[in-house]
>>> print(open('protein_20.cif').read())   # mmCIF, C-alpha atoms
data_data
#
loop_
_atom_site.label_atom_id
_atom_site.label_comp_id
_atom_site.auth_asym_id
_atom_site.auth_seq_id
_atom_site.Cartn_x
_atom_site.Cartn_y
_atom_site.Cartn_z
CA MET A 135 -52.71 -69.00 -11.37
CA ASP A 136 -54.30 -70.62 -14.39
CA VAL A 137 -56.63 -72.57 -12.11
CA LEU A 138 -57.85 -69.27 -10.65
CA ALA A 139 -58.29 -67.89 -14.16
CA LEU A 140 -60.32 -70.92 -15.21
CA MET A 141 -62.50 -70.60 -12.11
CA ALA A 142 -63.08 -66.93 -12.92
CA LEU A 143 -64.20 -67.81 -16.44
CA ILE A 144 -66.59 -70.45 -15.14
CA LEU A 145 -68.10 -68.15 -12.52
CA LEU A 146 -68.60 -65.13 -14.77
CA PRO A 147 -72.20 -64.87 -16.00
CA ALA A 148 -72.70 -65.74 -19.67
CA ARG A 149 -76.28 -64.47 -19.85
CA ALA A 150 -75.21 -60.92 -20.75
CA ILE A 151 -73.70 -62.13 -24.03
CA GLN A 152 -77.05 -63.36 -25.33
CA GLY A 153 -78.26 -61.08 -28.08
CA GLN A 154 -74.86 -59.40 -28.43
CA TRP A 155 -72.95 -62.08 -30.29
CA GLY A 156 -72.32 -59.73 -33.21
CA THR A 157 -70.69 -57.13 -30.99
CA LEU A 158 -68.61 -59.76 -29.22
CA LEU A 159 -67.46 -61.34 -32.48
CA LEU A 160 -66.41 -57.97 -33.91
CA LEU A 161 -64.48 -57.07 -30.76
CA VAL A 162 -62.75 -60.47 -30.77
CA VAL A 163 -61.67 -59.99 -34.39
CA LEU A 164 -60.46 -56.45 -33.72
CA ALA A 165 -58.50 -57.62 -30.66
CA ILE A 166 -56.82 -60.33 -32.72
CA VAL A 167 -55.93 -57.88 -35.50
CA ALA A 168 -54.63 -55.30 -33.01
CA GLY A 169 -52.60 -57.94 -31.20
CA ILE A 170 -51.16 -59.68 -34.23
CA ARG A 171 -48.00 -57.53 -34.26
CA PRO A 172 -46.68 -57.74 -30.70
CA VAL A 173 -43.66 -55.70 -29.67
CA ARG A 174 -40.96 -57.44 -27.64
CA ILE A 175 -39.50 -55.49 -24.74
CA PRO A 176 -35.68 -55.67 -24.88
CA GLY A 177 -34.11 -57.75 -22.14
CA LEU A 178 -37.40 -59.37 -21.17
CA ARG A 179 -39.26 -62.41 -22.35
CA HIS A 180 -42.36 -60.29 -22.70
CA GLU A 181 -44.30 -58.75 -25.55
CA VAL A 182 -46.92 -56.02 -25.54
CA THR A 183 -49.89 -55.47 -27.83
CA ALA A 184 -52.42 -52.70 -28.36
CA SER A 185 -55.55 -54.78 -27.78
CA HIS A 186 -56.50 -53.42 -24.37
CA PRO A 187 -58.96 -50.77 -25.68
CA PHE A 188 -61.14 -53.57 -27.04
CA ILE A 189 -61.04 -55.40 -23.72
CA PHE A 190 -62.30 -52.31 -21.92
CA LEU A 191 -64.92 -51.69 -24.60
CA ALA A 192 -66.18 -55.27 -24.31
CA LEU A 193 -66.45 -54.83 -20.56
CA ALA A 194 -68.43 -51.60 -20.97
CA THR A 195 -70.82 -52.88 -23.63
CA VAL A 196 -71.28 -56.64 -23.33
CA GLY A 197 -70.00 -57.63 -19.91
CA PRO A 198 -67.28 -59.37 -17.88
CA LEU A 199 -67.19 -62.71 -19.70
CA ALA A 200 -67.04 -60.97 -23.07
CA ALA A 201 -64.11 -58.87 -21.85
CA CYS A 202 -62.26 -62.02 -20.80
CA LEU A 203 -62.91 -63.66 -24.17
CA VAL A 204 -61.61 -60.58 -25.98
CA ALA A 205 -58.53 -60.59 -23.74
CA LEU A 206 -57.90 -64.25 -24.55
CA ALA A 207 -58.30 -63.46 -28.25
CA SER A 208 -55.60 -60.80 -27.98
CA VAL A 209 -53.16 -63.38 -26.59
CA VAL A 210 -54.02 -65.76 -29.42
CA GLY A 211 -53.53 -62.95 -31.93
CA ALA A 212 -50.08 -62.20 -30.53
CA ALA A 213 -49.14 -65.89 -30.75
CA VAL A 214 -50.32 -66.08 -34.36
CA GLY A 215 -48.51 -62.84 -35.15
CA ARG A 216 -45.21 -64.41 -34.17
CA GLY A 217 -45.60 -66.68 -37.19
CA ARG A 218 -46.08 -69.91 -35.31
CA LYS A 219 -48.92 -72.24 -34.55
CA LEU A 220 -50.47 -71.74 -31.15
CA PRO A 221 -47.71 -72.85 -28.76
CA LEU A 222 -48.89 -74.64 -25.65
CA THR A 223 -45.82 -73.44 -23.79
CA LEU A 224 -45.60 -72.24 -20.22
CA HIS A 225 -45.20 -68.67 -21.48
CA PHE A 226 -48.34 -68.86 -23.62
CA VAL A 227 -50.42 -70.49 -20.89
CA PHE A 228 -49.15 -67.93 -18.38
CA ASN A 229 -50.27 -65.10 -20.65
CA LEU A 230 -53.73 -66.64 -20.99
CA GLY A 231 -54.12 -66.86 -17.23
CA ALA A 232 -52.67 -63.40 -16.65
CA VAL A 233 -55.09 -61.61 -18.98
CA VAL A 234 -58.09 -63.39 -17.48
CA LEU A 235 -57.08 -62.49 -13.92
CA SER A 236 -56.26 -58.93 -14.99
CA THR A 237 -59.61 -58.56 -16.72
CA THR A 238 -61.38 -60.00 -13.69
CA ALA A 239 -59.64 -57.40 -11.53
CA GLY A 240 -60.86 -54.76 -13.96
CA VAL A 241 -64.40 -56.13 -13.65
CA GLY A 242 -64.25 -55.80 -9.89
CA ALA A 243 -62.90 -52.26 -10.06
CA LEU A 244 -65.59 -51.26 -12.56
CA HIS A 245 -68.34 -52.51 -10.26
CA VAL A 246 -66.82 -50.91 -7.16
CA ALA A 247 -66.73 -47.60 -9.05
CA GLY A 248 -70.42 -47.93 -9.86
CA GLY A 249 -70.14 -49.01 -13.48
CA ARG A 250 -72.40 -51.54 -15.16
CA PRO A 251 -72.25 -52.83 -18.74
CA GLY A 252 -74.59 -50.94 -21.02
CA GLN A 253 -74.53 -47.64 -19.16
CA ALA A 254 -74.17 -44.35 -21.02
CA VAL A 255 -70.64 -43.28 -21.83
CA THR A 256 -70.79 -40.36 -19.40
CA ALA A 257 -71.54 -42.75 -16.55
CA MET A 258 -68.75 -45.13 -17.56
CA ILE A 259 -65.77 -42.77 -17.66
CA LEU A 260 -64.71 -43.10 -14.02
CA PRO A 261 -65.58 -46.83 -13.75
CA LEU A 262 -63.59 -47.57 -16.92
CA ALA A 263 -60.68 -45.56 -15.54
CA ALA A 264 -60.79 -47.70 -12.40
CA ALA A 265 -60.99 -50.87 -14.50
CA THR A 266 -58.01 -49.77 -16.59
CA ALA A 267 -55.92 -49.04 -13.50
CA ALA A 268 -56.79 -52.42 -11.99
CA TYR A 269 -56.09 -54.28 -15.23
CA PHE A 270 -52.75 -52.56 -15.73
CA THR A 271 -51.65 -53.06 -12.13
CA VAL A 272 -52.52 -56.75 -11.98
CA ASN A 273 -51.27 -57.61 -15.46
CA SER A 274 -47.96 -55.79 -15.17
CA GLY A 275 -47.56 -57.00 -11.59
CA LEU A 276 -48.02 -60.64 -12.56
CA VAL A 277 -45.58 -60.39 -15.44
CA ALA A 278 -43.03 -58.45 -13.39
CA SER A 279 -43.26 -61.04 -10.61
CA ALA A 280 -42.71 -63.91 -13.05
CA ILE A 281 -39.69 -62.16 -14.55
CA ALA A 282 -38.32 -61.34 -11.10
CA ILE A 283 -38.56 -64.98 -10.05
CA ASP A 284 -36.89 -66.13 -13.27
CA LYS A 285 -34.07 -63.58 -13.04
CA ARG A 286 -33.86 -63.59 -9.23
CA LYS A 287 -34.54 -59.89 -8.96
CA ASN A 288 -36.84 -57.72 -6.88
CA ALA A 289 -40.33 -57.66 -8.41
CA ILE A 290 -40.95 -54.00 -7.55
CA THR A 291 -37.66 -53.01 -9.16
CA VAL A 292 -38.49 -54.98 -12.30
CA TRP A 293 -41.95 -53.41 -12.45
CA ARG A 294 -40.66 -49.88 -11.97
CA GLN A 295 -37.88 -50.24 -14.54
CA SER A 296 -39.72 -52.22 -17.21
CA PHE A 297 -43.46 -51.65 -16.85
CA LEU A 298 -44.20 -48.31 -15.21
CA TRP A 299 -43.77 -46.49 -18.53
CA MET A 300 -46.68 -48.50 -19.95
CA ALA A 301 -49.14 -46.55 -17.80
CA ALA A 302 -49.20 -43.78 -20.42
CA PRO A 303 -50.23 -45.98 -23.38
CA PHE A 304 -52.79 -47.71 -21.17
CA ALA A 305 -54.29 -44.32 -20.35
CA THR A 306 -54.34 -43.58 -24.07
CA GLY A 307 -56.08 -46.91 -24.64
CA LEU A 308 -58.69 -45.92 -22.06
CA THR A 309 -59.32 -42.68 -23.95
CA LEU A 310 -59.72 -44.64 -27.17
CA ALA A 311 -62.16 -47.07 -25.53
CA ILE A 312 -64.28 -44.17 -24.26
CA ALA A 313 -64.24 -42.59 -27.73
CA MET A 314 -65.33 -45.89 -29.29
CA LEU A 315 -68.09 -46.23 -26.70
CA ALA A 316 -69.35 -42.76 -27.57
CA ALA A 317 -69.20 -43.59 -31.28
CA MET A 318 -71.24 -46.74 -30.70
CA GLU A 319 -73.94 -44.68 -29.01
CA MET A 320 -74.18 -42.37 -32.01
CA GLY A 321 -73.63 -44.68 -34.96
CA THR A 322 -73.27 -48.15 -36.35
CA LEU A 323 -71.27 -50.93 -34.78
CA TRP A 324 -68.90 -51.11 -37.73
CA ILE A 325 -67.51 -47.70 -36.89
CA LEU A 326 -65.30 -49.61 -34.44
CA VAL A 327 -63.11 -50.66 -37.37
CA LEU A 328 -61.85 -47.06 -37.44
CA SER A 329 -60.26 -47.66 -34.05
CA LEU A 330 -57.57 -49.91 -35.51
CA PRO A 331 -55.29 -47.10 -36.79
CA PRO A 332 -55.04 -45.48 -33.31
CA CYS A 333 -54.15 -48.91 -31.91
CA TRP A 334 -51.38 -49.19 -34.47
CA VAL A 335 -50.14 -45.77 -33.34
CA LEU A 336 -49.89 -47.23 -29.83
CA LEU A 337 -47.81 -50.04 -31.29
CA LEU A 338 -45.49 -47.48 -32.86
CA TYR A 339 -45.06 -45.92 -29.42
CA TYR A 340 -44.24 -49.33 -27.94
CA ARG A 341 -41.77 -50.02 -30.75
CA ALA A 342 -40.11 -46.62 -30.37
CA HIS A 343 -39.65 -47.21 -26.65
CA ALA A 344 -38.29 -50.69 -27.31
CA ASN A 345 -35.79 -49.35 -29.84
CA THR A 346 -34.72 -46.62 -27.41
CA SER A 347 -34.21 -49.17 -24.65
CA LEU A 348 -32.24 -51.40 -27.01
CA ALA A 349 -29.99 -48.49 -28.02
CA ARG A 350 -29.24 -47.76 -24.36
CA HIS A 351 -28.04 -51.31 -23.87
#
>>> encode(input="protein_20.cif", output="structure tokens")
Amino acid sequence: MDVLALMALILLPARAIQGQWGTLLLLVVLAIVAGIRPVRIPGLRHEVTASHPFIFLALATVGPLAACLVALASVVGAAVGRGRKLPLTLHFVFNLGAVVLSTTAGVGALHVAGGRPGQAVTAMILPLAAATAAYFTVNSGLVASAIAIDKRKNAITVWRQSFLWMAAPFATGLTLAIAMLAAMEMGTLWILVLSLPPCWVLLLYYRAHANTSLARH
């Protein structure tokens, strides 16, 4: 899987990033900050973050490679947030590969839906929705499959029980990404900093669900 992810990174065009390094750097920093407090899902060796709005925003504004770099930054942020140095463990490497493949799937869905980086926000709503659905499906599917193999369970059952509920916060993240895209069209780039509090609200939702699941067990 990681070989496929590396190939995807190599094949994605880097030309679109030229001239937009400031935007990319800001989105990377915001993704790290949003991902630095991951929430562990009870009963699973899996953590969730609220960095996905910045991945979608990078895809809509800078391009596919930028979105992958922001996704990788979110994984690094989560690793740092756990209070350890970057662990070159199988789990960490798996997460890196999973977010790249998920983002690449989102790139494909965006293009199929007629979206192109740099388009007006009104033209990007449906393509970004398609990208979000593809990202969520591939990412949660990969993680659910890995957990199913490890625990010798059915992957669909694991996905339905442990990941289906995440569709709602992903949809909320899509809404936030669209709002940020609209704000960028009307104002300065630094207005994106105001998107961090809504991301933290998403984390509170994740944490509340995790606590509820823990109480049930």
>>> resolve_selection(input="protein_20.cif", expression="the PyMOL selection byres ((chain A and resi 312-319) around 9)", output="ChimeraX atom specification")
/A:187,190-191,194-195,254-256,258-259,262,307-311,320-326,328-329
>>> write_last_selection(input="protein_20.cif", atoms="C-alpha atoms", output="mmCIF file, in the frame of the given file")
data_model
loop_
_atom_site.group_PDB
_atom_site.id
_atom_site.type_symbol
_atom_site.label_atom_id
_atom_site.label_comp_id
_atom_site.auth_asym_id
_atom_site.auth_seq_id
_atom_site.Cartn_x
_atom_site.Cartn_y
_atom_site.Cartn_z
ATOM 1 C CA PRO A 187 -58.960 -50.770 -25.680
ATOM 2 C CA PHE A 190 -62.300 -52.310 -21.920
ATOM 3 C CA LEU A 191 -64.920 -51.690 -24.600
ATOM 4 C CA ALA A 194 -68.430 -51.600 -20.970
ATOM 5 C CA THR A 195 -70.820 -52.880 -23.630
ATOM 6 C CA ALA A 254 -74.170 -44.350 -21.020
ATOM 7 C CA VAL A 255 -70.640 -43.280 -21.830
ATOM 8 C CA THR A 256 -70.790 -40.360 -19.400
ATOM 9 C CA MET A 258 -68.750 -45.130 -17.560
ATOM 10 C CA ILE A 259 -65.770 -42.770 -17.660
ATOM 11 C CA LEU A 262 -63.590 -47.570 -16.920
ATOM 12 C CA GLY A 307 -56.080 -46.910 -24.640
ATOM 13 C CA LEU A 308 -58.690 -45.920 -22.060
ATOM 14 C CA THR A 309 -59.320 -42.680 -23.950
ATOM 15 C CA LEU A 310 -59.720 -44.640 -27.170
ATOM 16 C CA ALA A 311 -62.160 -47.070 -25.530
ATOM 17 C CA MET A 320 -74.180 -42.370 -32.010
ATOM 18 C CA GLY A 321 -73.630 -44.680 -34.960
ATOM 19 C CA THR A 322 -73.270 -48.150 -36.350
ATOM 20 C CA LEU A 323 -71.270 -50.930 -34.780
ATOM 21 C CA TRP A 324 -68.900 -51.110 -37.730
ATOM 22 C CA ILE A 325 -67.510 -47.700 -36.890
ATOM 23 C CA LEU A 326 -65.300 -49.610 -34.440
ATOM 24 C CA LEU A 328 -61.850 -47.060 -37.440
ATOM 25 C CA SER A 329 -60.260 -47.660 -34.050
#
>>> atom_distance(input="protein_20.cif", atom1="CA of Gly240 in chain A", atom2="CA of Ala200 in chain A")
12.6 Å
>>> closest_residue(input="protein_20.cif", among="A:Ile283, A:Ala184, A:Leu143, A:Ala239", to="Ala305 in chain A", atoms="all atoms listed in the file")
A:Ala184
>>> resolve_selection(input="protein_20.cif", expression="the PyMOL selection byres ((chain A and resi 181-183) around 8)", output="list in words")
Ala168, Gly169, Ile170, Arg171, Pro172, Val173, Arg174, Ile175, Arg179, His180, Ala184, Ser185, His186, Ser208, Ala212, Leu337 and Tyr340 of chain A
>>> resolve_selection(input="protein_20.cif", expression="the PyMOL selection byres ((chain A and resi 235) around 9)", output="MDAnalysis selection string")
chainID A and resid 135:136 138:139 142 202 230:234 236:240 269 272:273
>>> write_last_selection(input="protein_20.cif", atoms="C-alpha atoms", output="PDB file, in the frame of the given file")
ATOM      1  CA  MET A 135     -52.710 -69.000 -11.370  1.00  0.00           C
ATOM      2  CA  ASP A 136     -54.300 -70.620 -14.390  1.00  0.00           C
ATOM      3  CA  LEU A 138     -57.850 -69.270 -10.650  1.00  0.00           C
ATOM      4  CA  ALA A 139     -58.290 -67.890 -14.160  1.00  0.00           C
ATOM      5  CA  ALA A 142     -63.080 -66.930 -12.920  1.00  0.00           C
ATOM      6  CA  CYS A 202     -62.260 -62.020 -20.800  1.00  0.00           C
ATOM      7  CA  LEU A 230     -53.730 -66.640 -20.990  1.00  0.00           C
ATOM      8  CA  GLY A 231     -54.120 -66.860 -17.230  1.00  0.00           C
ATOM      9  CA  ALA A 232     -52.670 -63.400 -16.650  1.00  0.00           C
ATOM     10  CA  VAL A 233     -55.090 -61.610 -18.980  1.00  0.00           C
ATOM     11  CA  VAL A 234     -58.090 -63.390 -17.480  1.00  0.00           C
ATOM     12  CA  SER A 236     -56.260 -58.930 -14.990  1.00  0.00           C
ATOM     13  CA  THR A 237     -59.610 -58.560 -16.720  1.00  0.00           C
ATOM     14  CA  THR A 238     -61.380 -60.000 -13.690  1.00  0.00           C
ATOM     15  CA  ALA A 239     -59.640 -57.400 -11.530  1.00  0.00           C
ATOM     16  CA  GLY A 240     -60.860 -54.760 -13.960  1.00  0.00           C
ATOM     17  CA  TYR A 269     -56.090 -54.280 -15.230  1.00  0.00           C
ATOM     18  CA  VAL A 272     -52.520 -56.750 -11.980  1.00  0.00           C
ATOM     19  CA  ASN A 273     -51.270 -57.610 -15.460  1.00  0.00           C
TER      20      ASN A 273
END
>>> closest_residue(input="protein_20.cif", among="A:Thr157, A:Val167, A:Val162, A:Ala243", to="Ala205 in chain A", atoms="all atoms listed in the file")
A:Val162
>>> atom_distance(input="protein_20.cif", atom1="CA of Leu244 in chain A", atom2="CA of Ala268 in chain A")
8.9 Å
>>> atom_distance(input="protein_20.cif", atom1="CA of Ser279 in chain A", atom2="CA of Val246 in chain A")
25.9 Å
